[in-house]
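Peer 1: Okay, handing you the structure first.
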Amino acid sequence: SKQCVACGIVSLKMAAASIPLVKLEDQLTCGRCHNLYTKPKTLSCLHSFCQQCIEAFPTIPTFFVACPVCHQHTELPDHAGAAGFPVAPQIIDLRRIYEEAKKQSIEAKCANCSSGNSFGFCKDCNQYLCEGCIDTHKKWAPFANHVILSLEEALKVPVNEPSTDKGVAKPKTAVIQGRDAEIREQGEAVKEEIRSFLNSVGDKFIKEVDEIVERKLQMLEKQKKVNPSLEPIEKPDIQFIKGNNDSISHHVGRVVSSAGLEKCVVREIATIKHLPEEKAISFELSIESPDNEDSLLVLPASSLSLIVVPDANTKPCPVINARVIPTDKPGVYQVICTPVIRGRYEVTVKALGIQIGTHCSLLIPLNPYTDDAITPVRTIYGVCGHHDVAMSFGRPSDILVSETGSHVISVFNKGGQKTSSIGKGQNNITFSTNQGIAVAPDGSIFVADYGNHRIQKIQYPNTFLASVGSEGAEPLQFNHPVGIAISPIKNRVYVADYGNKRIQVLNNDLTFCRMFGKEGKGNGEFGKPHDIAIDSSGFVYVSDSANCLVQKFTHDGKSLSQFGTKGSGPGELHCPVGIAVDNAGLVYVTENVNHRVSIFTDEGVFVHSFGEEGPNEDQFKTPYFGLTFDEEGYLYICDTLNKRLVVY
């Protein structure tokens, strides 16, 4: 009877795990978590993953995700995040077929009447019975004490558990007699569907590979004619990656000649970070293939070399040594540079000794980890009641200073000479106690018109474009707007709505986008939101002068963290007002009461502070809130009561 029980259970489990179901499971398995899909979503590259898996993908930057199969970047849908990606209908259909086949595969006919579907299992008789036969079974005295199990319980019975009545045991293959042909027929149908699907996909791949091989041969023939000694540099393997089959061509090796390498482009220099323990700075770069802008060139890190030299506007300096190390992202390399000398540099990348495209630009920022690095380089005098400073776009850029006392925006050149002003009725532009100022990549200027409770948009140098706002607490109304910043995400405009204790977000055309925050001291709440800074990944930093802290948010207003407590010690803040973020992600904060600037990492770890109260060049007197970086990495600070602009 032991063998009979084992035979019955094994046969039932085999039916539930038939080959067609296994192949369907293969099609329904997420390539990230290796489980059956839950809430399957499709990226722009047509690869599909579970929604929760996509939410865990690395972001490049915050509002993009990188596909782990083909490494193509897909922009996250606005507001909805990963949930906003389209559903994969073919996966939903296959899941429905799978569930139906799985359900049918565990059905068995009643061993007593052979007509009804089994409803339970008599452990003593070793038989599956329908619901009617179970009722009759319980009424007959000889069977009244038999143990009846549900189908789920029957599947869990250990194979070595004997029947209590060995004489009644029968081979379990009889349980599914009459159903085996139907199950086999269903299985064959599913297998036929799978064969048909695989054949169609296989034909497509074979055709693509044939075309690629033909192109390779043609290119090789051309190379032989040009230079018989030229040998192709080729990816060693053709990688077949499980996932969406349409992307397989992204992973097929191709011939890369020296001419091809010269046509490659360094896509970006990103993720610049200080490495204080190594006294170095690191950044990431990737190389774009010449024939596909969505494809990155993958080479051994040891085959890459960099030459880093100062550009024409940077003072001569010692040689910058650069070493390349691989990352866990194919086609992305980390570069570590020493020493850290602030300035803009030209970077030439070579692969296997061949220069890749033209040189690219690298800005090494101010290094606050070295005590003697932060010293004034020049001072601009003659500004009146200034509250903010920004830079126009262009090289060299102009310096735009929001002068509250004279209700104008003054324009200075890099030499410190005032060249023009904006406001006082010129071209219908007027301000009342203008404060925050920000410049968008297209050159348009956004001004927080504090006294008029509005935001003005001006095309540089002096053309009025639009304005929005009136006094109030509704969307597109303001109560003394102060700080203002432009996000890299669709150039949206973030406004510190000082009196309403909130942040309003406008689209670039000054239409309403969203708002977040309310009065309070908790996460996402404000006492006096003063200024705003936004980093290259879209994270938003808000200085709160009343609560003496800085809060960090996602681009859509989700509170992430806060740092700073009231005080004058290292890492403490007293009336923090101005805020700026450099290209390495360090956060600079001016403190009105402490007369200094404090520096933190993007996670709120204190790095350094400089300044004290006084009139000297390395001192401040109530630095109200204006500070910004120019295109060469220099830091400009509004030293309000000393009536000057100090450059570091």
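Residue names in the structure tokens use chain letters A, B, ... in the order shown, residue numbers from 1 in each chain, and ligand numbers from 1 in the order shown.
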List every residue of region 596-632 of chain A that has an atom at most 10 Å from any atom of region 431-445 of chain A, giving for each one its closest atom pair and the distance in Å to one decimal, counting only C-alpha atoms, sorted by chain and then by ascending residue number, as a tab-separated table.

Peer 2:
residue	atom	partner	partner_atom	distance
A:Phe625	CA	A:Gly436	CA	8.9
A:Gly626	CA	A:Gly436	CA	7.9
A:Thr628	CA	A:Ala438	CA	9.8

Peer 1: With a distance cut-off of 12 Å and only C-alpha atoms, select the neighbouring residues of Val593 (chain A), excluding the residue or stretch itself and same-chain residues fewer than 6 positions from it, and output the selection as a list in words.

Peer 2: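 Everything that qualifies: Ser545, Ala546, Cys548, Lys566, Gly567, Ser568, Glu572, Leu573, His574, Cys575, Pro576, Val577, Gly611, Glu612, Glu613, Phe620, Lys621, Thr622, Pro623, Tyr624 and Phe625 of chain A.
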
Peer 1: Applying 10 Å and only C-alpha atoms, which residues near Phe629 (chain A) remain after dropping the ones on its own chain fewer than 4 positions away? List them as JSON, numbers by chain.

Peer 2: {"A": [365, 366, 389, 390, 391, 580, 581, 582, 583, 633, 634, 635, 636, 637, 647, 648]}

Peer 1: Give the answer as one residue: which of A:Thr348, A:Gln456, A:Asn547, A:Gln72 has the shortest atom-to-atom distance to Asn428 (chain A), using only C-alpha atoms?

Peer 2: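 Nearest to Asn428 (chain A): A:Gln456.
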
Peer 1: I need the residues in region 391-530 of chain A that are strand (DSSP E) according to DSSP; give them as a ChimeraX atom specification.

Peer 2: /A:391,399-403,408-412,418-423,434-439,444-449,454-459,463-468,481-486,493-497,502-506,512-516,518-519,525-526,529-530
